[in-house]
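Student: Take a look at model11.cif, mmCIF, C-alpha atoms:
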```cif
data_coords
#
loop_
_atom_site.group_PDB
_atom_site.id
_atom_site.type_symbol
_atom_site.label_atom_id
_atom_site.label_comp_id
_atom_site.auth_asym_id
_atom_site.auth_seq_id
_atom_site.Cartn_x
_atom_site.Cartn_y
_atom_site.Cartn_z
ATOM 1 C CA MET A 1 1.676 9.335 -4.932
ATOM 2 C CA THR A 2 3.449 6.053 -5.610
ATOM 3 C CA HIS A 3 0.513 4.194 -4.045
ATOM 4 C CA LEU A 4 -1.545 5.270 -7.055
ATOM 5 C CA LEU A 5 0.719 3.056 -9.174
ATOM 6 C CA SER A 6 0.814 0.137 -6.758
ATOM 7 C CA VAL A 7 -1.801 -0.724 -4.160
ATOM 8 C CA TYR A 8 -4.395 1.740 -5.507
ATOM 9 C CA GLY A 9 -3.435 1.133 -9.137
ATOM 10 C CA VAL A 10 -3.470 -1.833 -11.477
ATOM 11 C CA ALA A 11 -1.515 -4.084 -9.086
ATOM 12 C CA GLY A 12 -3.850 -3.626 -6.136
ATOM 13 C CA LEU A 13 -7.014 -3.846 -8.182
ATOM 14 C CA THR A 14 -5.766 -6.936 -10.012
ATOM 15 C CA ALA A 15 -5.066 -8.625 -6.695
ATOM 16 C CA TYR A 16 -8.429 -7.584 -5.256
ATOM 17 C CA PHE A 17 -10.646 -8.625 -8.152
ATOM 18 C CA GLY A 18 -8.679 -11.726 -9.114
ATOM 19 C CA LEU A 19 -8.753 -13.143 -5.620
ATOM 20 C CA LEU A 20 -12.194 -12.067 -4.408
ATOM 21 C CA HIS A 21 -14.217 -12.184 -7.637
ATOM 22 C CA VAL A 22 -12.509 -15.101 -9.410
ATOM 23 C CA GLY A 23 -10.890 -17.137 -6.615
ATOM 24 C CA LYS A 24 -13.756 -16.477 -4.177
ATOM 25 C CA PRO A 25 -11.957 -17.682 -1.036
ATOM 26 C CA LYS A 26 -13.913 -18.676 2.044
ATOM 27 C CA GLU A 27 -12.744 -18.267 5.630
ATOM 28 C CA GLY A 28 -10.567 -21.184 6.687
ATOM 29 C CA GLU A 29 -9.641 -22.239 3.153
ATOM 30 C CA THR A 30 -6.081 -22.628 1.915
ATOM 31 C CA VAL A 31 -4.959 -20.074 -0.660
ATOM 32 C CA VAL A 32 -1.719 -20.394 -2.629
ATOM 33 C CA VAL A 33 -0.251 -17.540 -4.669
ATOM 34 C CA SER A 34 2.750 -17.716 -6.981
ATOM 35 C CA ALA A 35 5.134 -14.799 -7.579
ATOM 36 C CA ALA A 36 4.061 -13.979 -4.044
ATOM 37 C CA ALA A 37 6.717 -11.334 -3.456
ATOM 38 C CA GLY A 38 5.712 -9.372 -6.548
ATOM 39 C CA SER A 39 3.466 -6.356 -6.969
ATOM 40 C CA VAL A 40 0.255 -8.382 -7.290
ATOM 41 C CA GLY A 41 1.097 -11.531 -5.345
ATOM 42 C CA SER A 42 2.186 -9.712 -2.187
ATOM 43 C CA ILE A 43 -1.203 -7.996 -2.042
ATOM 44 C CA VAL A 44 -3.162 -11.157 -2.900
ATOM 45 C CA GLY A 45 -1.683 -13.004 0.047
ATOM 46 C CA GLN A 46 -2.425 -10.216 2.480
ATOM 47 C CA ILE A 47 -6.033 -9.877 1.327
ATOM 48 C CA ALA A 48 -6.455 -13.629 1.725
ATOM 49 C CA LYS A 49 -5.203 -13.330 5.301
ATOM 50 C CA ILE A 50 -7.636 -10.477 5.942
ATOM 51 C CA LYS A 51 -10.407 -12.827 4.766
ATOM 52 C CA GLY A 52 -9.346 -15.460 7.291
ATOM 53 C CA CYS A 53 -7.577 -17.896 4.981
ATOM 54 C CA ASN A 54 -4.466 -20.024 5.407
ATOM 55 C CA VAL A 55 -2.006 -18.476 2.944
ATOM 56 C CA ILE A 56 1.014 -20.017 1.248
ATOM 57 C CA GLY A 57 3.267 -17.966 -1.000
ATOM 58 C CA ILE A 58 5.592 -19.282 -3.692
ATOM 59 C CA ALA A 59 8.629 -17.077 -4.322
ATOM 60 C CA GLY A 60 12.227 -17.289 -5.477
ATOM 61 C CA GLY A 61 14.855 -17.269 -2.753
ATOM 62 C CA LYS A 62 15.036 -17.740 0.998
ATOM 63 C CA ASP A 63 15.092 -13.994 1.690
ATOM 64 C CA LYS A 64 11.821 -13.423 -0.124
ATOM 65 C CA CYS A 65 10.195 -16.374 1.599
ATOM 66 C CA GLN A 66 11.327 -15.095 4.979
ATOM 67 C CA TRP A 67 9.941 -11.654 4.139
ATOM 68 C CA LEU A 68 6.551 -13.121 3.232
ATOM 69 C CA THR A 69 6.146 -14.940 6.530
ATOM 70 C CA SER A 70 7.826 -12.486 8.901
ATOM 71 C CA GLU A 71 6.639 -9.177 7.441
ATOM 72 C CA LEU A 72 3.487 -9.830 5.423
ATOM 73 C CA GLY A 73 1.927 -12.492 7.626
ATOM 74 C CA PHE A 74 1.851 -15.432 5.194
ATOM 75 C CA ASP A 75 1.439 -18.739 7.013
ATOM 76 C CA ALA A 76 4.112 -20.443 4.920
ATOM 77 C CA ALA A 77 6.332 -19.790 1.920
ATOM 78 C CA VAL A 78 7.832 -22.146 -0.654
ATOM 79 C CA ASP A 79 11.105 -21.366 -2.420
ATOM 80 C CA TYR A 80 10.716 -22.669 -5.964
ATOM 81 C CA LYS A 81 14.455 -22.244 -6.527
ATOM 82 C CA ASP A 82 15.078 -25.146 -4.148
ATOM 83 C CA GLY A 83 13.906 -27.457 -6.922
ATOM 84 C CA ALA A 84 11.389 -29.405 -4.842
ATOM 85 C CA THR A 85 8.305 -27.243 -5.247
ATOM 86 C CA PHE A 86 5.719 -30.018 -5.219
ATOM 87 C CA LYS A 87 7.167 -31.692 -2.115
ATOM 88 C CA ALA A 88 7.393 -28.378 -0.239
ATOM 89 C CA LEU A 89 3.872 -27.388 -1.264
ATOM 90 C CA ARG A 90 2.447 -30.710 -0.163
ATOM 91 C CA ALA A 91 4.102 -30.269 3.237
ATOM 92 C CA ALA A 92 2.827 -26.692 3.580
ATOM 93 C CA ALA A 93 -0.716 -27.605 2.483
ATOM 94 C CA PRO A 94 -1.395 -31.092 3.900
ATOM 95 C CA LYS A 95 -5.148 -30.626 3.456
ATOM 96 C CA GLY A 96 -4.798 -29.491 -0.166
ATOM 97 C CA ILE A 97 -5.335 -26.192 -1.961
ATOM 98 C CA ASP A 98 -8.737 -24.527 -2.285
ATOM 99 C CA VAL A 99 -7.728 -21.408 -4.221
ATOM 100 C CA TYR A 100 -4.647 -20.936 -6.389
ATOM 101 C CA PHE A 101 -3.797 -17.464 -7.706
ATOM 102 C CA ASP A 102 -1.533 -18.175 -10.677
ATOM 103 C CA ASN A 103 0.959 -15.571 -11.850
ATOM 104 C CA VAL A 104 3.455 -17.896 -13.510
ATOM 105 C CA GLY A 105 1.963 -20.902 -15.291
ATOM 106 C CA GLY A 106 4.343 -23.710 -16.270
ATOM 107 C CA ASP A 107 5.729 -26.182 -13.757
ATOM 108 C CA ILE A 108 4.383 -24.340 -10.719
ATOM 109 C CA LEU A 109 0.858 -24.421 -12.119
ATOM 110 C CA GLU A 110 1.343 -28.153 -12.695
ATOM 111 C CA ALA A 111 2.433 -28.688 -9.084
ATOM 112 C CA CYS A 112 -0.567 -26.793 -7.733
ATOM 113 C CA LEU A 113 -3.033 -28.605 -10.002
ATOM 114 C CA SER A 114 -2.096 -31.918 -8.419
ATOM 115 C CA LEU A 115 -2.790 -30.561 -4.929
ATOM 116 C CA MET A 116 -6.083 -28.809 -5.647
ATOM 117 C CA ASN A 117 -9.076 -29.909 -3.604
ATOM 118 C CA ASN A 118 -12.333 -30.871 -5.269
ATOM 119 C CA ARG A 119 -14.205 -27.810 -6.539
ATOM 120 C CA GLY A 120 -11.153 -25.624 -6.078
ATOM 121 C CA ARG A 121 -10.746 -22.354 -7.961
ATOM 122 C CA ILE A 122 -7.768 -21.175 -10.013
ATOM 123 C CA ALA A 123 -7.475 -17.496 -10.933
ATOM 124 C CA CYS A 124 -5.163 -17.173 -13.939
ATOM 125 C CA CYS A 125 -3.534 -13.755 -13.783
ATOM 126 C CA GLY A 126 -0.231 -14.110 -15.634
ATOM 127 C CA ALA A 127 2.362 -16.456 -17.101
ATOM 128 C CA ILE A 128 5.745 -15.144 -15.993
ATOM 129 C CA SER A 129 7.413 -18.453 -16.819
ATOM 130 C CA GLN A 130 6.700 -17.781 -20.510
ATOM 131 C CA TYR A 131 7.697 -14.109 -20.645
ATOM 132 C CA ASP A 132 11.439 -14.660 -20.702
ATOM 133 C CA GLY A 133 13.337 -17.706 -21.880
ATOM 134 C CA VAL A 134 12.050 -21.018 -23.199
ATOM 135 C CA PRO A 135 8.737 -22.273 -21.762
ATOM 136 C CA SER A 136 8.386 -25.837 -20.537
ATOM 137 C CA ALA A 137 8.235 -28.291 -23.424
ATOM 138 C CA HIS A 138 5.345 -30.283 -21.979
ATOM 139 C CA GLY A 139 3.377 -27.474 -20.325
ATOM 140 C CA PRO A 140 1.324 -28.139 -17.197
ATOM 141 C CA ARG A 141 0.427 -31.824 -17.270
ATOM 142 C CA GLY A 142 -2.934 -32.885 -15.886
ATOM 143 C CA VAL A 143 -4.970 -30.577 -18.138
ATOM 144 C CA PRO A 144 -7.814 -31.225 -18.652
ATOM 145 C CA GLY A 145 -7.854 -34.479 -16.668
ATOM 146 C CA LEU A 146 -7.396 -33.020 -13.187
ATOM 147 C CA ILE A 147 -9.780 -30.171 -13.955
ATOM 148 C CA VAL A 148 -12.494 -32.673 -14.849
ATOM 149 C CA VAL A 149 -11.916 -35.163 -12.026
ATOM 150 C CA LYS A 150 -11.567 -32.507 -9.333
ATOM 151 C CA ARG A 151 -14.361 -30.328 -10.810
ATOM 152 C CA LEU A 152 -12.079 -27.302 -10.781
ATOM 153 C CA ILE A 153 -12.921 -23.817 -11.993
ATOM 154 C CA MET A 154 -9.973 -22.292 -13.873
ATOM 155 C CA GLN A 155 -10.595 -18.757 -15.092
ATOM 156 C CA GLY A 156 -8.482 -16.099 -16.696
ATOM 157 C CA PHE A 157 -9.273 -12.451 -16.092
ATOM 158 C CA ILE A 158 -8.223 -8.913 -16.960
ATOM 159 C CA VAL A 159 -8.538 -6.196 -14.331
ATOM 160 C CA MET A 160 -10.384 -3.941 -16.775
ATOM 161 C CA ASP A 161 -13.307 -6.379 -16.632
ATOM 162 C CA TYR A 162 -14.116 -5.068 -13.165
ATOM 163 C CA MET A 163 -13.348 -1.361 -13.405
ATOM 164 C CA ASP A 164 -17.005 -0.448 -12.921
ATOM 165 C CA GLN A 165 -16.557 -1.753 -9.371
ATOM 166 C CA SER A 166 -13.266 0.012 -8.683
ATOM 167 C CA ALA A 167 -14.718 2.542 -6.228
ATOM 168 C CA ALA A 168 -15.782 -0.190 -3.810
ATOM 169 C CA ALA A 169 -12.448 -1.983 -4.238
ATOM 170 C CA LEU A 170 -10.457 1.179 -3.538
ATOM 171 C CA LYS A 171 -12.527 1.856 -0.435
ATOM 172 C CA ASP A 172 -11.575 -1.561 0.934
ATOM 173 C CA LEU A 173 -7.919 -1.235 -0.048
ATOM 174 C CA GLN A 174 -7.624 2.222 1.524
ATOM 175 C CA SER A 175 -9.262 1.011 4.713
ATOM 176 C CA TRP A 176 -6.901 -1.965 5.003
ATOM 177 C CA VAL A 177 -3.811 0.174 4.376
ATOM 178 C CA ALA A 178 -4.936 2.802 6.900
ATOM 179 C CA SER A 179 -5.539 0.135 9.562
ATOM 180 C CA GLY A 180 -2.181 -1.561 8.942
ATOM 181 C CA LYS A 181 -3.789 -4.806 7.804
ATOM 182 C CA LEU A 182 -2.300 -4.349 4.326
ATOM 183 C CA LYS A 183 1.368 -3.419 4.067
ATOM 184 C CA VAL A 184 2.581 -1.704 0.916
ATOM 185 C CA GLN A 185 5.980 -2.598 -0.494
ATOM 186 C CA GLU A 186 7.334 -0.530 -3.377
ATOM 187 C CA ASP A 187 10.607 -0.934 -5.264
ATOM 188 C CA VAL A 188 11.565 2.481 -6.680
ATOM 189 C CA ILE A 189 14.623 2.915 -8.894
ATOM 190 C CA ASP A 190 15.901 6.436 -9.560
ATOM 191 C CA GLY A 191 16.706 7.656 -13.065
ATOM 192 C CA PHE A 192 15.067 7.131 -16.450
ATOM 193 C CA GLU A 193 18.393 5.846 -17.742
ATOM 194 C CA ASN A 194 18.017 2.873 -15.416
ATOM 195 C CA THR A 195 14.768 1.711 -17.048
ATOM 196 C CA PRO A 196 16.390 -1.182 -18.988
ATOM 197 C CA ARG A 197 18.086 -2.440 -15.817
ATOM 198 C CA ALA A 198 14.815 -2.137 -13.924
ATOM 199 C CA LEU A 199 12.963 -4.195 -16.544
ATOM 200 C CA ILE A 200 15.642 -6.872 -16.749
ATOM 201 C CA GLY A 201 15.669 -7.124 -12.970
ATOM 202 C CA LEU A 202 11.889 -7.380 -12.912
ATOM 203 C CA LEU A 203 11.933 -10.341 -15.286
ATOM 204 C CA ALA A 204 14.684 -11.888 -13.178
ATOM 205 C CA GLY A 205 12.523 -11.583 -10.067
ATOM 206 C CA GLU A 206 14.686 -9.071 -8.204
ATOM 207 C CA ASN A 207 11.824 -6.904 -6.993
ATOM 208 C CA ARG A 208 9.728 -6.953 -3.860
ATOM 209 C CA GLY A 209 6.356 -5.360 -4.472
ATOM 210 C CA LYS A 210 5.722 -2.928 -7.309
ATOM 211 C CA ARG A 211 8.856 -1.885 -9.232
ATOM 212 C CA MET A 212 8.810 1.687 -10.522
ATOM 213 C CA VAL A 213 11.275 4.079 -12.129
ATOM 214 C CA LYS A 214 11.439 7.626 -10.756
ATOM 215 C CA VAL A 215 12.330 10.261 -13.351
#
```
Could you render the structure from this file as structure tokens?
Tutor:
Amino acid sequence: MTHLLSVYGVAGLTAYFGLLHVGKPKEGETVVVSAAAGSVGSIVGQIAKIKGCNVIGIAGGKDKCQWLTSELGFDAAVDYKDGATFKALRAAAPKGIDVYFDNVGGDILEACLSLMNNRGRIACCGAISQYDGVPSAHGPRGVPGLIVVKRLIMQGFIVMDYMDQSAAALKDLQSWVASGKLKVQEDVIDGFENTPRALIGLLAGENRGKRMVKV
């Protein structure tokens, strides 16, 4: 039943449509996803691998990065908490980035913009960096200059835009889960009274996969 709230719910459909309909990755391309250990990002990366892409995840902490590469099959992972995101990304993607799935905005978006290949695609899904705390004073530099020079497509989307195609998406997602190509990670916390703690932890990036509260 929990899968209906994660991989077969908003998280899975957001990952599916954002990557395949907005990012439009091609086999052999390099795909980068931020908040890669989260409910959406963890699925985005796995779908990109299913489509034959080189996948790099950006997450907070060595444990999460290790989980992405050892358990979910990401080709590389960058720990943004190390403080050298651009340098680590450049090393992980020496041929540049073709598709960036953005869940955070801010400084990480800025780092990825500089490494985008010509005619790359950016799917703007969320802006976690602005949900809690003070956003960057300067915002992502290079806008619109890099978008123009590199001829990038940068598009925001809402999953509800594609709900008329949800049956086909669910068929694919169910097939990948059944075959083991797509692993589902869920973070379930018991007790309605723990909802505030669950939300605070979510904003702090404690979760792996979809965080839910069981009542």
Student: Need to verify the contact set: Tyr80 of chain A, 10 Å, only C-alpha atoms, exclusion of same-chain residues closer than 6 positions in sequence. Can you return it as a PDB file with C-alpha atoms, keeping the file's coordinate frame?
Tutor:
```pdb
ATOM      1  CA  SER A  34       2.750 -17.716  -6.981  1.00  0.00           C
ATOM      2  CA  ALA A  35       5.134 -14.799  -7.579  1.00  0.00           C
ATOM      3  CA  ILE A  58       5.592 -19.282  -3.692  1.00  0.00           C
ATOM      4  CA  ALA A  59       8.629 -17.077  -4.322  1.00  0.00           C
ATOM      5  CA  GLY A  60      12.227 -17.289  -5.477  1.00  0.00           C
ATOM      6  CA  GLY A  61      14.855 -17.269  -2.753  1.00  0.00           C
ATOM      7  CA  LYS A  62      15.036 -17.740   0.998  1.00  0.00           C
ATOM      8  CA  CYS A  65      10.195 -16.374   1.599  1.00  0.00           C
ATOM      9  CA  PHE A  86       5.719 -30.018  -5.219  1.00  0.00           C
ATOM     10  CA  ALA A  88       7.393 -28.378  -0.239  1.00  0.00           C
ATOM     11  CA  LEU A  89       3.872 -27.388  -1.264  1.00  0.00           C
ATOM     12  CA  ASP A 107       5.729 -26.182 -13.757  1.00  0.00           C
ATOM     13  CA  ILE A 108       4.383 -24.340 -10.719  1.00  0.00           C
TER      14      ILE A 108
END
```
Student: Take the PyMOL selection byres ((chain A and resi 21) around 12), apply it to the structure above, and return the hits as JSON, numbers by chain.
Tutor: {"A": [13, 14, 15, 16, 17, 18, 19, 20, 22, 23, 24, 25, 26, 99, 101, 121, 122, 123, 155, 156, 157, 158, 159, 161, 162, 165, 169]}
Student: Give me the residues near Lys181 of chain A as a list of chain:residue names, where near means some atom within 12 Å (using all atoms listed in the file) and where sequence neighbours in that chain fewer than 3 positions away do not count.
Tutor: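 The contact residues come out as A:Ile43, A:Gly45, A:Gln46, A:Ile47, A:Ala48, A:Lys49, A:Ile50, A:Lys51, A:Glu71, A:Leu72, A:Gly73, A:Asp172, A:Leu173, A:Gln174, A:Ser175, A:Trp176, A:Val177, A:Ala178, A:Val184.
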Student: Go through A:Val31, A:Ala91, A:Ile128, A:Val143 one by one, measure the shortest atom-to-atom distance of each to Val78 of chain A using all atoms listed in the file, and give the residue with the smallest value.
Tutor: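 That would be A:Ala91, the residue with the smallest distance to Val78 of chain A.
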Student: Could you work out how far atom CA of Arg119 of chain A lies from atom CA of Leu68 of chain A, giving the answer in Å with one decimal?
Tutor: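 Computing it gives 27.2 Å between the two atoms.
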Student: For the atom pair atom CA of Ile153 of chain A and atom CA of Gly120 of chain A, what is the interatomic distance in Å to one decimal place?
Tutor: 6.4 Å
Student: Pick from A:Ser42, A:Asn103, A:Thr85, A:Thr2: nearest to Trp67 of chain A, with all atoms listed in the file counted?
Tutor: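 Once distances to Trp67 of chain A are computed over all atoms listed in the file, the minimum belongs to A:Ser42.
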Student: Which value, in Å to one decimal, gives the distance between atom CA of Gly52 of chain A and atom CA of Glu27 of chain A?
Tutor: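 The value is 4.7 Å.
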Student: Using all atoms listed in the file, pick whichever of A:Met154, A:Ile56, A:Val149, A:Leu170 has the shortest atom-to-atom distance to Ser6 of chain A.
Tutor: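 Comparing A:Met154, A:Ile56, A:Val149, A:Leu170 against Ser6 of chain A, the winner is A:Leu170.
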Student: Which one is closest to Ser114 of chain A: A:Leu5, A:Ala77, A:Val10, A:Ile97? Count only C-alpha atoms.
Tutor: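 Once distances to Ser114 of chain A are computed over only C-alpha atoms, the minimum belongs to A:Ile97.
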Student: Please provide as number ranges by chain all residues within 8 Å of Ala127 of chain A, with the sequence filter that same-chain residues fewer than 4 positions apart are discarded (counting only C-alpha atoms).
Tutor: A: 102-106, 131
Student: Check the smallest atom-to-atom distance from each of A:Leu146, A:Ala168, A:Ala92, A:Leu109 to Cys125 of chain A using only C-alpha atoms, then report the winner.
Tutor: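 Smallest separation from Cys125 of chain A among the options: A:Leu109.
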Student: Which residue gives the smallest distance to Gly83 of chain A among A:Met116, A:Val55, A:Ala111, A:Thr69, with all atoms listed in the file counted?
Tutor: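 Closest to Gly83 of chain A of all the choices is A:Ala111.
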Student: Can you tell me, as a list of chain:residue names, which residues sit within 9 Å of (-5.1, -32.0, 1.4) in the file's frame, using only C-alpha atoms?
Tutor: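 Within the cut-off we find A:Arg90, A:Ala93, A:Pro94, A:Lys95, A:Gly96, A:Ile97, A:Leu115, A:Met116, A:Asn117.
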